[in-house]
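Student: Provided below: upload-v6.pdb, containing PDB, N, CA and C atoms.
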MODEL        1
ATOM      1  N   MET A 874       0.829  -1.151   0.000
ATOM      2  CA  MET A 874       0.000   0.000   0.000
ATOM      3  C   MET A 874       0.895   1.243   0.000
ATOM      4  N   LYS A 875       0.476   2.201  -0.746
ATOM      5  CA  LYS A 875       1.276   3.415  -0.881
ATOM      6  C   LYS A 875       0.356   4.620  -0.749
ATOM      7  N   PHE A 876       0.777   5.575   0.120
ATOM      8  CA  PHE A 876       0.008   6.796   0.310
ATOM      9  C   PHE A 876       0.852   7.982  -0.143
ATOM     10  N   THR A 877       0.243   8.910  -0.802
ATOM     11  CA  THR A 877       0.919  10.141  -1.194
ATOM     12  C   THR A 877       0.120  11.308  -0.628
ATOM     13  N   ILE A 878       0.841  12.160   0.123
ATOM     14  CA  ILE A 878       0.194  13.336   0.700
ATOM     15  C   ILE A 878       0.906  14.558   0.143
ATOM     16  N   GLU A 879       0.128  15.452  -0.369
ATOM     17  CA  GLU A 879       0.687  16.688  -0.916
ATOM     18  C   GLU A 879       0.197  17.853  -0.069
ATOM     19  N   VAL A 880       1.147  18.637   0.442
ATOM     20  CA  VAL A 880       0.815  19.774   1.300
ATOM     21  C   VAL A 880       1.194  21.047   0.563
ATOM     22  N   ASP A 881       0.262  21.961   0.497
ATOM     23  CA  ASP A 881       0.508  23.245  -0.165
ATOM     24  C   ASP A 881       0.503  24.330   0.910
ATOM     25  N   CYS A 882       1.717  24.811   1.259
ATOM     26  CA  CYS A 882       1.817  25.863   2.274
ATOM     27  C   CYS A 882       3.052  26.714   1.993
ATOM     28  N   THR A 883       3.072  27.862   2.635
ATOM     29  CA  THR A 883       4.227  28.744   2.479
ATOM     30  C   THR A 883       5.330  28.307   3.436
ATOM     31  N   ALA A 884       6.517  28.862   3.257
ATOM     32  CA  ALA A 884       7.640  28.541   4.132
ATOM     33  C   ALA A 884       7.346  28.985   5.560
ATOM     34  N   GLU A 885       6.699  30.116   5.713
ATOM     35  CA  GLU A 885       6.353  30.605   7.050
ATOM     36  C   GLU A 885       5.373  29.660   7.744
ATOM     37  N   GLU A 886       4.401  29.174   7.002
ATOM     38  CA  GLU A 886       3.440  28.230   7.575
ATOM     39  C   GLU A 886       4.119  26.917   7.966
ATOM     40  N   ALA A 887       5.053  26.449   7.157
ATOM     41  CA  ALA A 887       5.764  25.206   7.465
ATOM     42  C   ALA A 887       6.626  25.383   8.721
ATOM     43  N   ARG A 888       7.311  26.527   8.845
ATOM     44  CA  ARG A 888       8.115  26.780  10.045
ATOM     45  C   ARG A 888       7.235  26.783  11.292
ATOM     46  N   HIS A 889       6.103  27.429  11.183
ATOM     47  CA  HIS A 889       5.179  27.492  12.323
ATOM     48  C   HIS A 889       4.657  26.089  12.671
ATOM     49  N   PHE A 890       4.329  25.292  11.665
ATOM     50  CA  PHE A 890       3.803  23.942  11.889
ATOM     51  C   PHE A 890       4.828  23.053  12.594
ATOM     52  N   PHE A 891       6.100  23.154  12.175
ATOM     53  CA  PHE A 891       7.143  22.320  12.775
ATOM     54  C   PHE A 891       7.738  22.932  14.050
ATOM     55  N   GLY A 892       7.315  24.149  14.410
ATOM     56  CA  GLY A 892       7.787  24.780  15.638
ATOM     57  C   GLY A 892       9.159  25.421  15.510
ATOM     58  N   LEU A 893       9.561  25.737  14.302
ATOM     59  CA  LEU A 893      10.864  26.377  14.100
ATOM     60  C   LEU A 893      10.753  27.871  14.382
ATOM     61  N   PRO A 894      11.837  28.501  14.856
ATOM     62  CA  PRO A 894      11.777  29.939  15.187
ATOM     63  C   PRO A 894      11.758  30.807  13.923
ATOM     64  N   ASP A 895      11.201  31.987  14.080
ATOM     65  CA  ASP A 895      11.190  32.965  12.989
ATOM     66  C   ASP A 895      12.484  33.773  13.079
ATOM     67  N   VAL A 896      13.370  33.603  12.121
ATOM     68  CA  VAL A 896      14.677  34.271  12.149
ATOM     69  C   VAL A 896      14.710  35.523  11.282
ATOM     70  N   LYS A 897      13.572  35.927  10.731
ATOM     71  CA  LYS A 897      13.543  37.102   9.856
ATOM     72  C   LYS A 897      14.029  38.377  10.559
ATOM     73  N   PRO A 898      13.608  38.671  11.814
ATOM     74  CA  PRO A 898      14.128  39.887  12.465
ATOM     75  C   PRO A 898      15.653  39.850  12.619
ATOM     76  N   MET A 899      16.204  38.680  12.920
ATOM     77  CA  MET A 899      17.652  38.567  13.068
ATOM     78  C   MET A 899      18.353  38.764  11.718
ATOM     79  N   GLN A 900      17.771  38.190  10.665
ATOM     80  CA  GLN A 900      18.348  38.365   9.334
ATOM     81  C   GLN A 900      18.285  39.830   8.905
ATOM     82  N   ASP A 901      17.167  40.495   9.185
ATOM     83  CA  ASP A 901      17.035  41.916   8.833
ATOM     84  C   ASP A 901      18.075  42.763   9.558
ATOM     85  N   ALA A 902      18.296  42.486  10.840
ATOM     86  CA  ALA A 902      19.290  43.245  11.614
ATOM     87  C   ALA A 902      20.701  42.999  11.080
ATOM     88  N   ALA A 903      21.002  41.731  10.751
ATOM     89  CA  ALA A 903      22.332  41.406  10.218
ATOM     90  C   ALA A 903      22.549  42.076   8.865
ATOM     91  N   MET A 904      21.536  42.081   8.016
ATOM     92  CA  MET A 904      21.666  42.711   6.698
ATOM     93  C   MET A 904      21.812  44.228   6.819
ATOM     94  N   ALA A 905      21.102  44.834   7.776
ATOM     95  CA  ALA A 905      21.230  46.286   7.969
ATOM     96  C   ALA A 905      22.647  46.632   8.421
ATOM     97  N   LYS A 906      23.195  45.834   9.329
ATOM     98  CA  LYS A 906      24.560  46.094   9.807
ATOM     99  C   LYS A 906      25.576  45.887   8.682
ATOM    100  N   LEU A 907      25.404  44.833   7.895
ATOM    101  CA  LEU A 907      26.304  44.572   6.768
ATOM    102  C   LEU A 907      26.241  45.692   5.744
ATOM    103  N   SER A 908      25.039  46.162   5.472
ATOM    104  CA  SER A 908      24.871  47.266   4.525
ATOM    105  C   SER A 908      25.573  48.528   5.023
ATOM    106  N   GLN A 909      25.448  48.825   6.321
ATOM    107  CA  GLN A 909      26.110  50.003   6.885
ATOM    108  C   GLN A 909      27.628  49.873   6.807
ATOM    109  N   GLN A 910      28.156  48.686   7.084
ATOM    110  CA  GLN A 910      29.597  48.470   7.007
ATOM    111  C   GLN A 910      30.097  48.640   5.573
ATOM    112  N   MET A 911      29.331  48.162   4.603
ATOM    113  CA  MET A 911      29.733  48.310   3.205
ATOM    114  C   MET A 911      29.712  49.778   2.790
ATOM    115  N   THR A 912      28.698  50.509   3.243
ATOM    116  CA  THR A 912      28.618  51.939   2.931
ATOM    117  C   THR A 912      29.798  52.695   3.543
ATOM    118  N   ASP A 913      30.145  52.365   4.785
ATOM    119  CA  ASP A 913      31.291  53.004   5.435
ATOM    120  C   ASP A 913      32.594  52.678   4.719
ATOM    121  N   ALA A 914      32.739  51.438   4.242
ATOM    122  CA  ALA A 914      33.955  51.040   3.534
ATOM    123  C   ALA A 914      34.087  51.801   2.222
ATOM    124  N   VAL A 915      32.996  51.987   1.506
ATOM    125  CA  VAL A 915      33.032  52.732   0.242
ATOM    126  C   VAL A 915      33.359  54.194   0.511
ATOM    127  N   ALA A 916      32.794  54.746   1.574
ATOM    128  CA  ALA A 916      33.062  56.154   1.905
ATOM    129  C   ALA A 916      34.528  56.365   2.259
ATOM    130  N   SER A 917      35.169  55.357   2.840
ATOM    131  CA  SER A 917      36.578  55.516   3.203
ATOM    132  C   SER A 917      37.482  55.493   1.974
ATOM    133  N   LEU A 918      36.954  55.079   0.816
ATOM    134  CA  LEU A 918      37.749  55.070  -0.411
ATOM    135  C   LEU A 918      37.602  56.352  -1.218
ATOM    136  N   ALA A 919      36.849  57.300  -0.718
ATOM    137  CA  ALA A 919      36.703  58.585  -1.394
ATOM    138  C   ALA A 919      38.054  59.303  -1.398
ATOM    139  N   PRO A 920      38.368  60.047  -2.450
ATOM    140  CA  PRO A 920      39.678  60.711  -2.537
ATOM    141  C   PRO A 920      39.991  61.616  -1.343
ATOM    142  N   GLU A 921      39.023  62.387  -0.886
ATOM    143  CA  GLU A 921      39.297  63.280   0.243
ATOM    144  C   GLU A 921      39.585  62.488   1.514
ATOM    145  N   ALA A 922      38.852  61.397   1.711
ATOM    146  CA  ALA A 922      39.085  60.574   2.899
ATOM    147  C   ALA A 922      40.468  59.931   2.838
ATOM    148  N   MET A 923      40.886  59.505   1.653
ATOM    149  CA  MET A 923      42.213  58.897   1.521
ATOM    150  C   MET A 923      43.298  59.935   1.785
ATOM    151  N   LEU A 924      43.119  61.163   1.309
ATOM    152  CA  LEU A 924      44.109  62.210   1.575
ATOM    153  C   LEU A 924      44.183  62.517   3.064
ATOM    154  N   ARG A 925      43.010  62.541   3.732
ATOM    155  CA  ARG A 925      43.022  62.790   5.175
ATOM    156  C   ARG A 925      43.759  61.673   5.906
ATOM    157  N   THR A 926      43.656  60.444   5.408
ATOM    158  CA  THR A 926      44.354  59.323   6.026
ATOM    159  C   THR A 926      45.857  59.423   5.788
ATOM    160  N   TRP A 927      46.249  59.782   4.575
ATOM    161  CA  TRP A 927      47.662  59.836   4.226
ATOM    162  C   TRP A 927      48.354  61.051   4.832
ATOM    163  N   LEU A 928      47.663  62.152   4.930
ATOM    164  CA  LEU A 928      48.255  63.391   5.429
ATOM    165  C   LEU A 928      47.444  63.919   6.613
ATOM    166  N   PRO A 929      47.426  63.205   7.727
ATOM    167  CA  PRO A 929      46.557  63.612   8.834
ATOM    168  C   PRO A 929      46.967  64.918   9.505
ATOM    169  N   LEU A 930      48.233  65.285   9.450
ATOM    170  CA  LEU A 930      48.682  66.491  10.143
ATOM    171  C   LEU A 930      48.723  67.711   9.236
ATOM    172  N   SER A 931      48.448  67.519   7.972
ATOM    173  CA  SER A 931      48.509  68.620   7.026
ATOM    174  C   SER A 931      47.181  69.374   7.001
ATOM    175  N   PRO A 932      47.177  70.671   7.265
ATOM    176  CA  PRO A 932      45.928  71.441   7.279
ATOM    177  C   PRO A 932      45.538  71.965   5.898
ATOM    178  N   TRP A 933      45.956  71.313   4.847
ATOM    179  CA  TRP A 933      45.719  71.803   3.503
ATOM    180  C   TRP A 933      44.278  71.569   3.067
ATOM    181  N   THR A 934      43.806  72.501   2.279
ATOM    182  CA  THR A 934      42.510  72.327   1.631
ATOM    183  C   THR A 934      42.773  71.609   0.312
ATOM    184  N   PRO A 935      41.745  71.064  -0.320
ATOM    185  CA  PRO A 935      41.967  70.409  -1.615
ATOM    186  C   PRO A 935      42.582  71.341  -2.661
ATOM    187  N   ALA A 936      42.224  72.636  -2.635
ATOM    188  CA  ALA A 936      42.795  73.584  -3.599
ATOM    189  C   ALA A 936      44.290  73.768  -3.350
ATOM    190  N   GLN A 937      44.675  73.846  -2.072
ATOM    191  CA  GLN A 937      46.095  73.978  -1.752
ATOM    192  C   GLN A 937      46.861  72.720  -2.152
ATOM    193  N   MET A 938      46.242  71.563  -1.974
ATOM    194  CA  MET A 938      46.885  70.312  -2.355
ATOM    195  C   MET A 938      47.070  70.260  -3.871
ATOM    196  N   GLN A 939      46.058  70.684  -4.615
ATOM    197  CA  GLN A 939      46.163  70.693  -6.071
ATOM    198  C   GLN A 939      47.273  71.633  -6.528
ATOM    199  N   GLU A 940      47.378  72.789  -5.897
ATOM    200  CA  GLU A 940      48.429  73.742  -6.250
ATOM    201  C   GLU A 940      49.811  73.158  -5.955
ATOM    202  N   ALA A 941      49.956  72.484  -4.819
ATOM    203  CA  ALA A 941      51.242  71.875  -4.470
ATOM    204  C   ALA A 941      51.619  70.791  -5.466
ATOM    205  N   MET A 942      50.645  69.995  -5.883
ATOM    206  CA  MET A 942      50.921  68.941  -6.868
ATOM    207  C   MET A 942      51.307  69.539  -8.219
ATOM    208  N   SER A 943      50.612  70.582  -8.638
ATOM    209  CA  SER A 943      50.944  71.182  -9.933
ATOM    210  C   SER A 943      52.316  71.844  -9.887
ATOM    211  N   ASN A 944      52.700  72.414  -8.753
ATOM    212  CA  ASN A 944      54.034  73.006  -8.605
ATOM    213  C   ASN A 944      55.128  71.945  -8.689
ATOM    214  N   MET A 945      54.821  70.738  -8.247
ATOM    215  CA  MET A 945      55.828  69.669  -8.312
ATOM    216  C   MET A 945      56.171  69.305  -9.753
ATOM    217  N   PHE A 946      55.199  69.446 -10.662
ATOM    218  CA  PHE A 946      55.408  69.003 -12.028
ATOM    219  C   PHE A 946      55.723  70.131 -12.994
ATOM    220  N   LYS A 947      55.921  71.313 -12.501
ATOM    221  CA  LYS A 947      56.326  72.424 -13.364
ATOM    222  C   LYS A 947      57.778  72.227 -13.780
ATOM    223  N   ALA A 948      58.178  72.942 -14.812
ATOM    224  CA  ALA A 948      59.551  72.833 -15.305
ATOM    225  C   ALA A 948      60.532  73.254 -14.219
ATOM    226  N   PRO A 949      61.648  72.539 -14.093
ATOM    227  CA  PRO A 949      62.638  72.902 -13.071
ATOM    228  C   PRO A 949      63.257  74.259 -13.385
ATOM    229  N   PRO A 950      63.785  74.935 -12.397
ATOM    230  CA  PRO A 950      64.408  76.239 -12.638
ATOM    231  C   PRO A 950      65.627  76.101 -13.550
ATOM    232  N   SER A 951      65.921  77.157 -14.230
ATOM    233  CA  SER A 951      67.041  77.157 -15.171
ATOM    234  C   SER A 951      68.354  76.909 -14.431
ATOM    235  N   THR A 952      69.252  76.137 -15.068
ATOM    236  CA  THR A 952      70.535  75.822 -14.435
ATOM    237  C   THR A 952      71.659  76.709 -14.963
ATOM    238  N   LYS A 953      71.324  77.704 -15.802
ATOM    239  CA  LYS A 953      72.341  78.616 -16.296
ATOM    240  C   LYS A 953      72.913  79.430 -15.157
ATOM    241  N   LYS A 954      74.238  79.629 -15.224
ATOM    242  CA  LYS A 954      74.872  80.457 -14.212
ATOM    243  C   LYS A 954      74.699  81.919 -14.613
ATOM    244  N   ARG A 955      74.414  82.699 -13.635
ATOM    245  CA  ARG A 955      74.271  84.129 -13.897
ATOM    246  C   ARG A 955      75.655  84.747 -13.947
ATOM    247  N   GLU A 956      75.852  85.623 -14.918
ATOM    248  CA  GLU A 956      77.142  86.287 -15.031
ATOM    249  C   GLU A 956      77.217  87.393 -13.977
ATOM    250  N   SER A 957      78.334  87.414 -13.280
ATOM    251  CA  SER A 957      78.475  88.456 -12.246
ATOM    252  C   SER A 957      78.999  89.731 -12.903
ATOM    253  N   PRO A 958      78.585  90.913 -12.443
ATOM    254  CA  PRO A 958      78.992  92.192 -13.064
ATOM    255  C   PRO A 958      80.390  92.578 -12.749
TER     256      PRO A 958
ENDMDL
END
I'd like the structure from this file rewritten - as structure tokens, please.
Tutor:
Amino acid sequence: MKFTIEVDCTAEEARHFFGLPDVKPMQDAAMAKLSQQMTDAVASLAPEAMLRTWLPLSPWTPAQMQEAMSNMFKAPPSTKKRESP
């Protein structure tokens, strides 16, 4: 003799029937924390944040930093000797 029983229910109904705990609030909290950590990690890769990390004691503004970088790549001063009078 063979019996076949087919049950049509949702996952939530099956968990409730078997007495399993509802872990959705815990999953939601874990996902919210993971999302916040990922957002913080991306924010730390922003150019200004990286400059603040690399140069923590420098009070430069981004404009001053850009000027300093452009001055580094300007043509070097002339090496000609000046004739004395």
Student: Just asking: which residues within chain A are alpha helix (DSSP H) according to DSSP, as a count of residues only?
Tutor: 47
Student: Figure out the distance between CA of Val915 (chain A) and CA of Met899 (chain A), please, to one decimal in Å.
Tutor: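 Atom-to-atom, CA of Met899 (chain A) to CA of Val915 (chain A), that is 24.5 Å.
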Student: Grab the atom C of Pro935 (chain A) to atom N of Glu921 (chain A) distance for me, in Å with one decimal place.
Tutor: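 Pair atom C of Pro935 (chain A) / atom N of Glu921 (chain A) returns 9.8 Å.
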Student: In Å, with one decimal, what is the gap from atom N of Leu918 (chain A) to atom C of Pro898 (chain A)?
Tutor: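 Distance between the two atoms: 28.7 Å.
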